[in-house]
file entry04.pdb (PDB, C-alpha atoms)
MODEL        1
ATOM      1  CA  MET R   1     -19.853   1.967 -19.606
ATOM      2  CA  LEU R   2     -16.727   3.871 -20.569
ATOM      3  CA  SER R   3     -15.601   3.495 -24.173
ATOM      4  CA  LEU R   4     -12.339   1.739 -24.972
ATOM      5  CA  LYS R   5     -11.041   5.064 -26.244
ATOM      6  CA  LYS R   6     -11.625   6.651 -22.822
ATOM      7  CA  LEU R   7     -10.162   3.616 -21.048
ATOM      8  CA  ALA R   8      -7.067   3.796 -23.204
ATOM      9  CA  GLY R   9      -6.746   7.433 -22.200
ATOM     10  CA  VAL R  10      -6.758   6.466 -18.522
ATOM     11  CA  ALA R  11      -4.093   3.827 -19.123
ATOM     12  CA  ALA R  12      -1.930   6.188 -21.151
ATOM     13  CA  ILE R  13      -2.049   8.803 -18.403
ATOM     14  CA  ALA R  14      -1.003   6.217 -15.804
ATOM     15  CA  ALA R  15       1.827   4.911 -17.953
ATOM     16  CA  ALA R  16       3.132   8.441 -18.506
ATOM     17  CA  GLY R  17       3.287   8.985 -14.752
ATOM     18  CA  LEU R  18       0.762  11.810 -14.861
ATOM     19  CA  VAL R  19      -1.752  10.275 -12.501
ATOM     20  CA  LEU R  20      -3.223  12.538  -9.860
ATOM     21  CA  SER R  21      -1.354  12.918  -6.600
ATOM     22  CA  ALA R  22      -2.943  10.923  -3.818
ATOM     23  CA  CYS R  23      -2.296   9.645  -0.326
ATOM     24  CA  SER R  24      -3.594   7.089   2.069
ATOM     25  CA  GLY R  25      -7.050   6.844   3.436
ATOM     26  CA  PRO R  26      -9.255   6.900   6.479
ATOM     27  CA  SER R  27      -8.823   5.357   9.857
ATOM     28  CA  ALA R  28     -10.189   1.843   9.764
ATOM     29  CA  ASP R  29     -12.719   1.272  12.479
ATOM     30  CA  ASN R  30     -14.121  -1.541  10.357
ATOM     31  CA  SER R  31     -11.858  -4.255   8.999
ATOM     32  CA  SER R  32     -11.137  -4.163   5.270
ATOM     33  CA  SER R  33     -10.091  -7.804   5.259
ATOM     34  CA  SER R  34     -11.845 -11.078   4.634
ATOM     35  CA  SER R  35     -10.519 -14.201   6.287
ATOM     36  CA  ALA R  36      -9.294 -17.139   4.228
ATOM     37  CA  THR R  37     -12.642 -18.820   4.718
ATOM     38  CA  SER R  38     -15.020 -15.862   4.406
ATOM     39  CA  ALA R  39     -15.289 -13.695   1.313
ATOM     40  CA  ALA R  40     -16.291 -10.095   0.835
ATOM     41  CA  ALA R  41     -19.738  -9.635  -0.656
ATOM     42  CA  PRO R  42     -19.478  -9.530  -4.464
ATOM     43  CA  SER R  43     -20.137  -6.232  -6.188
ATOM     44  CA  SER R  44     -22.673  -5.891  -8.941
ATOM     45  CA  GLY R  45     -21.118  -5.705 -12.372
ATOM     46  CA  GLY R  46     -20.946  -6.891 -15.959
ATOM     47  CA  PRO R  47     -19.547  -9.990 -17.612
ATOM     48  CA  LEU R  48     -15.980  -9.466 -16.363
ATOM     49  CA  LYS R  49     -15.356 -10.713 -12.825
ATOM     50  CA  VAL R  50     -12.125  -9.755 -11.082
ATOM     51  CA  ALA R  51     -10.847 -11.062  -7.749
ATOM     52  CA  VAL R  52      -8.608  -8.736  -5.731
ATOM     53  CA  VAL R  53      -6.506 -10.720  -3.226
ATOM     54  CA  THR R  54      -4.284  -8.718  -0.873
ATOM     55  CA  HIS R  55      -2.210  -9.307   2.244
ATOM     56  CA  GLY R  56      -4.100  -6.641   4.181
ATOM     57  CA  THR R  57      -4.674  -7.286   7.857
ATOM     58  CA  ALA R  58      -7.742  -6.570   9.951
ATOM     59  CA  GLY R  59      -8.082  -2.922  10.914
ATOM     60  CA  ASP R  60      -5.492  -1.636   8.427
ATOM     61  CA  ALA R  61      -6.764   1.668   7.016
ATOM     62  CA  PHE R  62      -4.343   1.494   4.092
ATOM     63  CA  TRP R  63      -6.083  -1.494   2.529
ATOM     64  CA  ASN R  64      -9.521   0.051   2.992
ATOM     65  CA  VAL R  65      -8.466   2.659   0.444
ATOM     66  CA  VAL R  66      -7.157   0.034  -1.996
ATOM     67  CA  LYS R  67     -10.491  -1.763  -1.659
ATOM     68  CA  ASN R  68     -12.378   1.495  -2.233
ATOM     69  CA  GLY R  69     -10.414   2.105  -5.413
ATOM     70  CA  ALA R  70     -11.012  -1.370  -6.819
ATOM     71  CA  GLU R  71     -14.721  -1.312  -6.049
ATOM     72  CA  GLN R  72     -15.178   2.170  -7.515
ATOM     73  CA  ALA R  73     -13.409   1.079 -10.701
ATOM     74  CA  GLY R  74     -15.761  -1.887 -10.885
ATOM     75  CA  LYS R  75     -18.758   0.433 -10.678
ATOM     76  CA  ASP R  76     -17.311   2.890 -13.203
ATOM     77  CA  LEU R  77     -16.346   0.207 -15.731
ATOM     78  CA  ASN R  78     -19.146  -2.316 -15.206
ATOM     79  CA  VAL R  79     -16.774  -4.972 -13.874
ATOM     80  CA  GLY R  80     -17.657  -7.311 -11.019
ATOM     81  CA  VAL R  81     -15.065  -6.927  -8.255
ATOM     82  CA  ASP R  82     -14.691  -9.234  -5.256
ATOM     83  CA  TYR R  83     -12.180  -8.225  -2.591
ATOM     84  CA  PHE R  84     -10.445 -10.778  -0.348
ATOM     85  CA  ALA R  85      -7.561 -10.381   2.091
ATOM     86  CA  ASP R  86      -5.487 -12.341   4.541
ATOM     87  CA  GLY R  87      -2.179 -11.389   6.155
ATOM     88  CA  ASP R  88      -0.985 -15.000   6.278
ATOM     89  CA  PRO R  89       0.846 -15.862   3.014
ATOM     90  CA  GLY R  90      -0.420 -19.443   3.008
ATOM     91  CA  ASN R  91      -4.009 -18.311   3.407
ATOM     92  CA  GLN R  92      -3.536 -15.657   0.741
ATOM     93  CA  ALA R  93      -2.330 -18.365  -1.663
ATOM     94  CA  LYS R  94      -5.493 -20.356  -0.906
ATOM     95  CA  LEU R  95      -7.626 -17.322  -1.721
ATOM     96  CA  ILE R  96      -5.868 -17.082  -5.095
ATOM     97  CA  ASP R  97      -6.428 -20.803  -5.694
ATOM     98  CA  ASN R  98     -10.127 -20.401  -4.890
ATOM     99  CA  ALA R  99     -10.435 -17.530  -7.362
ATOM    100  CA  VAL R 100      -8.753 -19.624 -10.066
ATOM    101  CA  ALA R 101     -11.135 -22.514  -9.363
ATOM    102  CA  GLN R 102     -14.048 -20.101  -9.802
ATOM    103  CA  LYS R 103     -12.630 -19.121 -13.228
ATOM    104  CA  VAL R 104     -12.528 -15.389 -12.625
ATOM    105  CA  SER R 105     -11.807 -13.114 -15.583
ATOM    106  CA  GLY R 106      -8.777 -11.536 -13.921
ATOM    107  CA  LEU R 107      -6.754 -11.382 -10.712
ATOM    108  CA  VAL R 108      -5.214  -8.497  -8.777
ATOM    109  CA  VAL R 109      -2.682  -9.684  -6.193
ATOM    110  CA  SER R 110      -0.365  -7.960  -3.713
ATOM    111  CA  MET R 111       2.879  -9.862  -3.116
ATOM    112  CA  ALA R 112       4.403  -9.061   0.254
ATOM    113  CA  ASN R 113       5.780 -12.624   0.256
ATOM    114  CA  PRO R 114       6.280 -13.505  -3.435
ATOM    115  CA  GLN R 115       7.695 -16.997  -2.968
ATOM    116  CA  ALA R 116       4.667 -18.128  -0.973
ATOM    117  CA  LEU R 117       2.384 -17.010  -3.815
ATOM    118  CA  GLN R 118       4.471 -18.062  -6.808
ATOM    119  CA  THR R 119       2.823 -21.401  -7.528
ATOM    120  CA  SER R 120      -0.705 -20.014  -7.112
ATOM    121  CA  ILE R 121      -0.047 -17.049  -9.392
ATOM    122  CA  GLN R 122       1.650 -19.174 -12.028
ATOM    123  CA  ASN R 123      -1.251 -21.608 -11.934
ATOM    124  CA  ALA R 124      -3.604 -18.704 -12.591
ATOM    125  CA  VAL R 125      -1.528 -17.657 -15.586
ATOM    126  CA  LYS R 126      -1.483 -21.251 -16.901
ATOM    127  CA  ALA R 127      -5.273 -21.277 -16.600
ATOM    128  CA  GLY R 128      -5.438 -18.250 -18.893
ATOM    129  CA  ILE R 129      -6.315 -15.756 -16.168
ATOM    130  CA  PRO R 130      -4.477 -12.421 -16.534
ATOM    131  CA  VAL R 131      -2.825 -11.215 -13.331
ATOM    132  CA  VAL R 132      -1.906  -7.679 -12.285
ATOM    133  CA  THR R 133       0.271  -7.449  -9.185
ATOM    134  CA  ILE R 134       0.087  -4.450  -6.886
ATOM    135  CA  ASN R 135       1.858  -2.751  -4.007
ATOM    136  CA  SER R 136       4.750  -5.132  -3.358
ATOM    137  CA  GLY R 137       6.792  -7.801  -5.086
ATOM    138  CA  GLU R 138       7.468  -5.826  -8.261
ATOM    139  CA  ASP R 139      10.760  -7.652  -8.851
ATOM    140  CA  SER R 140       8.901 -10.977  -9.195
ATOM    141  CA  SER R 141       5.848  -9.736 -11.092
ATOM    142  CA  ALA R 142       6.978 -10.308 -14.692
ATOM    143  CA  ALA R 143       8.787 -13.531 -13.798
ATOM    144  CA  PHE R 144       5.560 -14.976 -12.395
ATOM    145  CA  GLY R 145       3.700 -14.078 -15.599
ATOM    146  CA  ALA R 146       1.755 -10.991 -14.515
ATOM    147  CA  ILE R 147       0.810  -8.567 -17.289
ATOM    148  CA  ALA R 148       1.609  -5.498 -15.161
ATOM    149  CA  HIS R 149       2.616  -4.268 -11.721
ATOM    150  CA  VAL R 150       1.106  -1.182 -10.094
ATOM    151  CA  GLY R 151       2.804   0.347  -7.056
ATOM    152  CA  GLN R 152       5.767   2.345  -5.857
ATOM    153  CA  SER R 153       9.385   1.201  -5.798
ATOM    154  CA  GLU R 154       9.871   0.824  -2.077
ATOM    155  CA  GLY R 155      13.623   1.338  -2.075
ATOM    156  CA  LEU R 156      13.268   4.656  -3.890
ATOM    157  CA  ALA R 157      10.507   5.714  -1.507
ATOM    158  CA  GLY R 158      12.725   4.909   1.456
ATOM    159  CA  GLN R 159      15.554   6.917  -0.086
ATOM    160  CA  GLY R 160      13.244   9.910  -0.442
ATOM    161  CA  ALA R 161      12.146   9.651   3.177
ATOM    162  CA  GLY R 162      15.759   9.420   4.333
ATOM    163  CA  GLN R 163      16.712  12.485   2.310
ATOM    164  CA  ARG R 164      13.896  14.516   3.829
ATOM    165  CA  LEU R 165      14.767  13.514   7.375
ATOM    166  CA  LYS R 166      18.431  14.304   6.825
ATOM    167  CA  ALA R 167      17.505  17.699   5.377
ATOM    168  CA  ALA R 168      15.455  18.315   8.528
ATOM    169  CA  GLY R 169      18.658  17.984  10.553
ATOM    170  CA  LYS R 170      18.031  14.544  12.036
ATOM    171  CA  THR R 171      21.035  12.373  12.885
ATOM    172  CA  LYS R 172      19.773   8.986  14.124
ATOM    173  CA  LEU R 173      16.721   7.205  12.737
ATOM    174  CA  LEU R 174      14.603   4.337  14.040
ATOM    175  CA  CYS R 175      12.729   2.567  11.219
ATOM    176  CA  VAL R 176       9.739   0.555  12.503
ATOM    177  CA  ILE R 177       8.805  -2.623  10.601
ATOM    178  CA  HIS R 178       5.276  -3.807  11.431
ATOM    179  CA  GLU R 179       4.858  -6.950   9.277
ATOM    180  CA  ALA R 180       7.420  -9.727   9.563
ATOM    181  CA  GLY R 181       8.399 -11.178   6.194
ATOM    182  CA  ASN R 182       7.108  -8.228   4.151
ATOM    183  CA  ILE R 183       9.947  -7.557   1.711
ATOM    184  CA  GLY R 184       8.646  -4.096   0.852
ATOM    185  CA  GLN R 185       9.084  -2.858   4.409
ATOM    186  CA  ASN R 186      12.687  -4.018   4.552
ATOM    187  CA  GLN R 187      13.285  -2.263   1.223
ATOM    188  CA  ARG R 188      11.919   0.985   2.674
ATOM    189  CA  CYS R 189      14.257   0.873   5.663
ATOM    190  CA  ASP R 190      17.213  -0.134   3.462
ATOM    191  CA  GLY R 191      16.452   2.790   1.146
ATOM    192  CA  ALA R 192      16.322   5.203   4.069
ATOM    193  CA  LYS R 193      19.670   3.903   5.275
ATOM    194  CA  GLN R 194      21.242   4.655   1.864
ATOM    195  CA  THR R 195      20.402   8.361   2.027
ATOM    196  CA  PHE R 196      20.186   9.000   5.767
ATOM    197  CA  GLY R 197      23.046   6.905   7.123
ATOM    198  CA  ASN R 198      22.554   6.049  10.800
ATOM    199  CA  VAL R 199      19.447   3.839  10.795
ATOM    200  CA  SER R 200      18.371   1.027  13.117
ATOM    201  CA  THR R 201      15.238  -1.090  12.733
ATOM    202  CA  LEU R 202      12.610  -2.253  15.199
ATOM    203  CA  GLN R 203      10.161  -5.111  14.612
ATOM    204  CA  VAL R 204       6.618  -4.683  15.955
ATOM    205  CA  ASP R 205       3.265  -6.334  15.230
ATOM    206  CA  ILE R 206       0.586  -4.116  13.693
ATOM    207  CA  SER R 207      -2.115  -6.437  15.011
ATOM    208  CA  ASN R 208      -1.029  -5.593  18.571
ATOM    209  CA  PRO R 209      -0.880  -1.771  18.605
ATOM    210  CA  THR R 210      -0.496  -1.464  22.373
ATOM    211  CA  ASP R 211       2.598  -3.650  22.319
ATOM    212  CA  ALA R 212       3.908  -1.793  19.251
ATOM    213  CA  GLN R 213       3.661   1.491  21.134
ATOM    214  CA  ALA R 214       5.410  -0.010  24.159
ATOM    215  CA  ARG R 215       8.256  -1.345  21.993
ATOM    216  CA  ILE R 216       8.785   2.010  20.305
ATOM    217  CA  ARG R 217       8.722   3.761  23.676
ATOM    218  CA  GLY R 218      11.285   1.301  25.027
ATOM    219  CA  ALA R 219      13.604   1.834  22.061
ATOM    220  CA  LEU R 220      13.467   5.593  22.506
ATOM    221  CA  GLN R 221      14.058   5.375  26.247
ATOM    222  CA  SER R 222      17.039   3.064  25.817
ATOM    223  CA  ASP R 223      18.677   5.310  23.198
ATOM    224  CA  PRO R 224      17.992   9.032  23.761
ATOM    225  CA  SER R 225      20.164   9.903  20.749
ATOM    226  CA  ILE R 226      17.389   8.737  18.378
ATOM    227  CA  ASP R 227      15.891  11.954  17.019
ATOM    228  CA  ALA R 228      13.681  10.558  14.228
ATOM    229  CA  VAL R 229      11.241   7.675  13.837
ATOM    230  CA  LEU R 230      10.083   6.433  10.428
ATOM    231  CA  ALA R 231       6.834   4.467  10.618
ATOM    232  CA  LEU R 232       5.837   2.379   7.609
ATOM    233  CA  ASN R 233       2.114   2.574   8.284
ATOM    234  CA  SER R 234      -0.235   5.361   9.305
ATOM    235  CA  GLN R 235      -1.623   3.553  12.347
ATOM    236  CA  VAL R 236       1.862   2.740  13.602
ATOM    237  CA  ALA R 237       2.762   6.408  13.133
ATOM    238  CA  ALA R 238       0.050   7.497  15.569
ATOM    239  CA  ARG R 239       1.412   5.008  18.095
ATOM    240  CA  ALA R 240       4.947   6.302  17.521
ATOM    241  CA  VAL R 241       3.844   9.872  18.284
ATOM    242  CA  ASP R 242       2.323   8.723  21.573
ATOM    243  CA  ALA R 243       5.389   6.610  22.371
ATOM    244  CA  ALA R 244       7.718   9.587  21.895
ATOM    245  CA  LYS R 245       5.605  11.662  24.263
ATOM    246  CA  GLU R 246       5.594   8.902  26.872
ATOM    247  CA  ALA R 247       9.370   8.515  26.579
ATOM    248  CA  SER R 248       9.946  12.283  26.794
ATOM    249  CA  SER R 249      11.940  11.815  23.589
ATOM    250  CA  LYS R 250      13.031  14.550  21.192
ATOM    251  CA  ALA R 251      12.415  12.194  18.265
ATOM    252  CA  GLN R 252      10.098  13.441  15.524
ATOM    253  CA  VAL R 253       7.970  11.062  13.516
ATOM    254  CA  ALA R 254       7.563  10.660   9.767
ATOM    255  CA  THR R 255       5.475   7.959   8.147
ATOM    256  CA  PHE R 256       4.368   6.138   5.074
ATOM    257  CA  ASP R 257       0.660   6.605   4.305
ATOM    258  CA  LEU R 258      -2.143   8.639   5.800
ATOM    259  CA  ASN R 259      -5.212   8.273   7.942
ATOM    260  CA  ALA R 260      -7.256  10.825   9.900
ATOM    261  CA  ASP R 261      -4.819  10.764  12.821
ATOM    262  CA  VAL R 262      -1.825  11.422  10.554
ATOM    263  CA  VAL R 263      -3.648  14.256   8.778
ATOM    264  CA  ALA R 264      -4.309  15.895  12.150
ATOM    265  CA  ALA R 265      -0.752  15.252  13.316
ATOM    266  CA  ILE R 266       0.787  16.845  10.204
ATOM    267  CA  LYS R 267      -1.406  19.897  10.739
ATOM    268  CA  ALA R 268      -0.353  20.008  14.399
ATOM    269  CA  GLY R 269       3.330  19.523  13.559
ATOM    270  CA  THR R 270       3.778  16.264  15.484
ATOM    271  CA  ILE R 271       4.380  14.332  12.252
ATOM    272  CA  LEU R 272       6.811  15.870   9.781
ATOM    273  CA  PHE R 273       5.518  14.296   6.587
ATOM    274  CA  ALA R 274       3.862  11.252   5.068
ATOM    275  CA  VAL R 275       5.179   9.315   2.057
ATOM    276  CA  ASP R 276       2.422   9.080  -0.531
ATOM    277  CA  GLN R 277       2.113   5.894  -2.571
ATOM    278  CA  GLN R 278      -1.402   6.620  -3.832
ATOM    279  CA  GLN R 279      -2.921   3.273  -2.940
ATOM    280  CA  TYR R 280      -6.350   4.241  -4.255
ATOM    281  CA  GLU R 281      -4.739   3.985  -7.677
ATOM    282  CA  GLN R 282      -3.346   0.572  -6.737
ATOM    283  CA  GLY R 283      -6.939  -0.578  -6.407
ATOM    284  CA  TYR R 284      -8.445   1.383  -9.291
ATOM    285  CA  LEU R 285      -5.908   1.114 -12.118
ATOM    286  CA  PRO R 286      -5.575  -2.705 -12.238
ATOM    287  CA  ILE R 287      -9.309  -2.984 -12.959
ATOM    288  CA  VAL R 288      -8.840  -0.558 -15.861
ATOM    289  CA  PHE R 289      -5.855  -2.518 -17.152
ATOM    290  CA  LEU R 290      -7.621  -5.894 -16.925
ATOM    291  CA  LYS R 291     -10.665  -4.569 -18.763
ATOM    292  CA  LEU R 292      -8.464  -3.183 -21.536
ATOM    293  CA  TYR R 293      -6.556  -6.458 -21.725
ATOM    294  CA  LYS R 294      -9.667  -8.620 -21.887
ATOM    295  CA  GLU R 295     -11.619  -6.410 -24.308
ATOM    296  CA  ASN R 296      -8.881  -4.890 -26.461
ATOM    297  CA  GLY R 297      -5.684  -6.905 -25.935
ATOM    298  CA  ASN R 298      -3.873  -3.932 -24.388
ATOM    299  CA  THR R 299      -0.926  -4.189 -22.020
ATOM    300  CA  ILE R 300       0.700  -1.463 -19.950
ATOM    301  CA  GLY R 301       4.144  -0.598 -18.621
ATOM    302  CA  GLY R 302       6.326  -2.327 -21.211
ATOM    303  CA  GLY R 303       7.545  -4.767 -18.569
ATOM    304  CA  LYS R 304       8.213  -1.988 -16.074
ATOM    305  CA  PRO R 305       6.055  -1.150 -13.039
ATOM    306  CA  VAL R 306       3.441   1.580 -13.255
ATOM    307  CA  GLN R 307       4.613   3.885 -10.465
ATOM    308  CA  THR R 308       2.021   5.352  -8.107
ATOM    309  CA  GLY R 309       4.581   7.055  -5.891
ATOM    310  CA  PRO R 310       6.366   8.258  -3.952
ATOM    311  CA  GLY R 311       5.033  11.701  -3.299
ATOM    312  CA  PHE R 312       5.145  13.557  -0.016
ATOM    313  CA  VAL R 313       2.467  15.216   2.092
ATOM    314  CA  ASP R 314       3.459  17.834   4.645
ATOM    315  CA  LYS R 315       2.206  21.160   5.956
ATOM    316  CA  THR R 316       2.507  22.726   2.507
ATOM    317  CA  ASN R 317      -0.179  20.517   0.913
ATOM    318  CA  ILE R 318      -2.062  18.826   3.752
ATOM    319  CA  ASP R 319      -5.089  21.121   3.439
ATOM    320  CA  THR R 320      -5.542  20.028  -0.178
ATOM    321  CA  VAL R 321      -5.189  16.327   0.624
ATOM    322  CA  ALA R 322      -7.211  16.153   3.847
ATOM    323  CA  PRO R 323     -10.734  16.132   2.303
ATOM    324  CA  TYR R 324      -9.806  13.218   0.033
ATOM    325  CA  ALA R 325      -8.391  11.279   2.962
ATOM    326  CA  GLU R 326     -11.614  11.823   4.873
ATOM    327  CA  ARG R 327     -13.717  10.348   2.060
ATOM    328  CA  GLY R 328     -11.475   7.289   1.729
ATOM    329  CA  THR R 329      -9.856   7.947  -1.633
ATOM    330  CA  ARG R 330      -6.422   9.154  -0.478
TER
ENDMDL
END
call {"tool": "encode", "arguments": {"input": "entry04.pdb", "output": "structure tokens"}}
result
Amino acid sequence: MLSLKKLAGVAAIAAAGLVLSACSGPSADNSSSSSATSAAAPSSGGPLKVAVVTHGTAGDAFWNVVKNGAEQAGKDLNVGVDYFADGDPGNQAKLIDNAVAQKVSGLVVSMANPQALQTSIQNAVKAGIPVVTINSGEDSSAAFGAIAHVGQSEGLAGQGAGQRLKAAGKTKLLCVIHEAGNIGQNQRCDGAKQTFGNVSTLQVDISNPTDAQARIRGALQSDPSIDAVLALNSQVAARAVDAAKEASSKAQVATFDLNADVVAAIKAGTILFAVDQQQYEQGYLPIVFLKLYKENGNTIGGGKPVQTGPGFVDKTNIDTVAPYAERGTR
């Protein structure tokens, strides 16, 4: 087991913003999600038991990497980690309620739809269970009683993506939202609009990739002046590349997050760059923070989010990042 001194060192590094650069992970042939009625198999661990409850959907490679990070932290720190996920906010709230009823030592929760989770999270806090929020919903984290939030500020990330696309000479951007009701995705597109200017949005469903590709293709065919597409997910990005080819469009694709297809596409030049929010850290660091809180009374962030991004991956650094993406830690 790591000493508290070493754990405190990890937390201090994260708080100072000196965490290692990372990206998104592997393509997800196997689902990373549990349904609302079926749980992931519990990991072996010590006296602390942490439930990680996310809004990940079946087949989403991004959440596989979050799960990998949380489970590795559990192994490294001798903490039992159970991972659960459901893309439906009501079902996600039920998963939180179930964890509270089981009297877990701590909770890690993503908040794509904060209002749907508010009562469940506040009930956990009232029950004396410390909560760390991750990925989305940072504006509601402290208000709901969480001890920390780990993620990237989505508006700032969107601004960075917009700046890069504008610097690349693009003039009209299509921003593709793949999860209805996810506030973080709207913040990304709004941020891009602030720095890029001419941005329109398109709603697709990540659980129906064939339809998503058809919708992107249709948007590009109906407006040939679109010369850039910003995907908010690595799997959607691969579909956007294919859609642009099918539409004979000049639009180039950029994306949030990585998987094997995006790594290959950046190398080939068909994707300009990926926005890096280091989601492995979003799984790993909350386990560190909860262990420190439970065993040493430590908190992190001073009421501000612990930022895991954004960074950017392009042709200049893809060869460094690619091996980590292949092993599921980036």
call {"tool": "axis_aligned_box", "arguments": {"input": "entry04.pdb", "around": "segment 45-56 of chain R", "padding_each_side": "8 Å", "output": "lines of an AutoDock Vina configuration file"}}
result
center_x = -11.7
center_y = -8.4
center_z = -6.7
size_x = 34.9
size_y = 21.4
size_z = 37.8
call {"tool": "atom_distance", "arguments": {"input": "entry04.pdb", "atom1": "atom CA of Thr308 of chain R", "atom2": "atom CA of Val150 of chain R"}}
result
6.9 Å
call {"tool": "atom_distance", "arguments": {"input": "entry04.pdb", "atom1": "atom CA of Gln187 of chain R", "atom2": "atom CA of Gln277 of chain R"}}
result
14.3 Å
call {"tool": "atom_distance", "arguments": {"input": "entry04.pdb", "atom1": "atom CA of Ala112 of chain R", "atom2": "atom CA of Val199 of chain R"}}
result
22.4 Å
call {"tool": "closest_residue", "arguments": {"input": "entry04.pdb", "among": "R:Gly181, R:Pro209, R:Gly297, R:Gly162", "to": "Phe196 of chain R", "atoms": "only C-alpha atoms"}}
result
R:Gly162
call {"tool": "residues_around", "arguments": {"input": "entry04.pdb", "residues": "Asn317 of chain R", "least_positions_apart": "5", "cutoff": "10 Å", "atoms": "all atoms listed in the file", "output": "list in words"}}
result
Lys267, Phe312 and Ala322 of chain R
call {"tool": "closest_residue", "arguments": {"input": "entry04.pdb", "among": "R:Ile96, R:Val241, R:Ile206, R:Val79", "to": "Gly56 of chain R", "atoms": "only C-alpha atoms"}}
result
R:Ile206
call {"tool": "closest_residue", "arguments": {"input": "entry04.pdb", "among": "R:Val81, R:Val321, R:Ala127, R:Ala254", "to": "Val100 of chain R", "atoms": "only C-alpha atoms"}}
result
R:Ala127
call {"tool": "residues_around", "arguments": {"input": "entry04.pdb", "residues": "Lys193 of chain R", "least_positions_apart": "4", "cutoff": "9 Å", "atoms": "all atoms listed in the file", "output": "NGL selection string"}}
result
:R and (158-159 or 162 or 173 or 188-189 or 197-200)
call {"tool": "residues_around", "arguments": {"input": "entry04.pdb", "residues": "Val53 of chain R", "least_positions_apart": "5", "cutoff": "10 Å", "atoms": "all atoms listed in the file", "output": "PyMOL selection string"}}
result
chain R and resi 33-34+67+82-86+92-96+99+107-111+133-134
call {"tool": "resolve_selection", "arguments": {"input": "entry04.pdb", "expression": "the PyMOL selection byres ((chain R and resi 219) around 12)", "output": "PDB file with C-alpha atoms, in the frame of the given file"}}
result
ATOM      1  CA  LEU R 173      16.721   7.205  12.737  1.00  0.00           C
ATOM      2  CA  LEU R 174      14.603   4.337  14.040  1.00  0.00           C
ATOM      3  CA  CYS R 175      12.729   2.567  11.219  1.00  0.00           C
ATOM      4  CA  VAL R 176       9.739   0.555  12.503  1.00  0.00           C
ATOM      5  CA  SER R 200      18.371   1.027  13.117  1.00  0.00           C
ATOM      6  CA  THR R 201      15.238  -1.090  12.733  1.00  0.00           C
ATOM      7  CA  LEU R 202      12.610  -2.253  15.199  1.00  0.00           C
ATOM      8  CA  GLN R 203      10.161  -5.111  14.612  1.00  0.00           C
ATOM      9  CA  VAL R 204       6.618  -4.683  15.955  1.00  0.00           C
ATOM     10  CA  ALA R 212       3.908  -1.793  19.251  1.00  0.00           C
ATOM     11  CA  GLN R 213       3.661   1.491  21.134  1.00  0.00           C
ATOM     12  CA  ALA R 214       5.410  -0.010  24.159  1.00  0.00           C
ATOM     13  CA  ARG R 215       8.256  -1.345  21.993  1.00  0.00           C
ATOM     14  CA  ILE R 216       8.785   2.010  20.305  1.00  0.00           C
ATOM     15  CA  ARG R 217       8.722   3.761  23.676  1.00  0.00           C
ATOM     16  CA  GLY R 218      11.285   1.301  25.027  1.00  0.00           C
ATOM     17  CA  LEU R 220      13.467   5.593  22.506  1.00  0.00           C
ATOM     18  CA  GLN R 221      14.058   5.375  26.247  1.00  0.00           C
ATOM     19  CA  SER R 222      17.039   3.064  25.817  1.00  0.00           C
ATOM     20  CA  ASP R 223      18.677   5.310  23.198  1.00  0.00           C
ATOM     21  CA  PRO R 224      17.992   9.032  23.761  1.00  0.00           C
ATOM     22  CA  SER R 225      20.164   9.903  20.749  1.00  0.00           C
ATOM     23  CA  ILE R 226      17.389   8.737  18.378  1.00  0.00           C
ATOM     24  CA  ASP R 227      15.891  11.954  17.019  1.00  0.00           C
ATOM     25  CA  ALA R 228      13.681  10.558  14.228  1.00  0.00           C
ATOM     26  CA  VAL R 229      11.241   7.675  13.837  1.00  0.00           C
ATOM     27  CA  ALA R 240       4.947   6.302  17.521  1.00  0.00           C
ATOM     28  CA  ALA R 243       5.389   6.610  22.371  1.00  0.00           C
ATOM     29  CA  ALA R 244       7.718   9.587  21.895  1.00  0.00           C
ATOM     30  CA  GLU R 246       5.594   8.902  26.872  1.00  0.00           C
ATOM     31  CA  ALA R 247       9.370   8.515  26.579  1.00  0.00           C
ATOM     32  CA  SER R 249      11.940  11.815  23.589  1.00  0.00           C
ATOM     33  CA  ALA R 251      12.415  12.194  18.265  1.00  0.00           C
TER      34      ALA R 251
END
call {"tool": "decode", "arguments": {"input": "entry04.pdb", "residues": "segment 306-310 of chain R", "atoms": "N, CA, C and O atoms", "output": "PDB file, in the first residue's frame"}}
result
ATOM      1  N   VAL R 306     -10.159  20.289 -10.235  1.00  0.00           N
ATOM      2  CA  VAL R 306      -8.833  19.813 -10.606  1.00  0.00           C
ATOM      3  C   VAL R 306      -8.869  19.558 -12.113  1.00  0.00           C
ATOM      4  O   VAL R 306      -9.566  18.657 -12.577  1.00  0.00           O
ATOM      5  N   GLN R 307      -8.139  20.359 -12.877  1.00  0.00           N
ATOM      6  CA  GLN R 307      -8.227  20.319 -14.328  1.00  0.00           C
ATOM      7  C   GLN R 307      -7.365  19.192 -14.897  1.00  0.00           C
ATOM      8  O   GLN R 307      -6.185  19.091 -14.589  1.00  0.00           O
ATOM      9  N   THR R 308      -7.969  18.368 -15.739  1.00  0.00           N
ATOM     10  CA  THR R 308      -7.224  17.319 -16.432  1.00  0.00           C
ATOM     11  C   THR R 308      -6.988  17.668 -17.904  1.00  0.00           C
ATOM     12  O   THR R 308      -6.406  16.882 -18.639  1.00  0.00           O
ATOM     13  N   GLY R 309      -7.458  18.806 -18.332  1.00  0.00           N
ATOM     14  CA  GLY R 309      -7.270  19.235 -19.702  1.00  0.00           C
ATOM     15  C   GLY R 309      -7.718  20.675 -19.851  1.00  0.00           C
ATOM     16  O   GLY R 309      -8.046  21.323 -18.855  1.00  0.00           O
ATOM     17  N   PRO R 310      -7.741  21.185 -21.093  1.00  0.00           N
ATOM     18  CA  PRO R 310      -7.447  20.447 -22.328  1.00  0.00           C
ATOM     19  C   PRO R 310      -5.980  20.505 -22.738  1.00  0.00           C
ATOM     20  O   PRO R 310      -5.274  21.463 -22.467  1.00  0.00           O
TER      21      PRO R 310
END
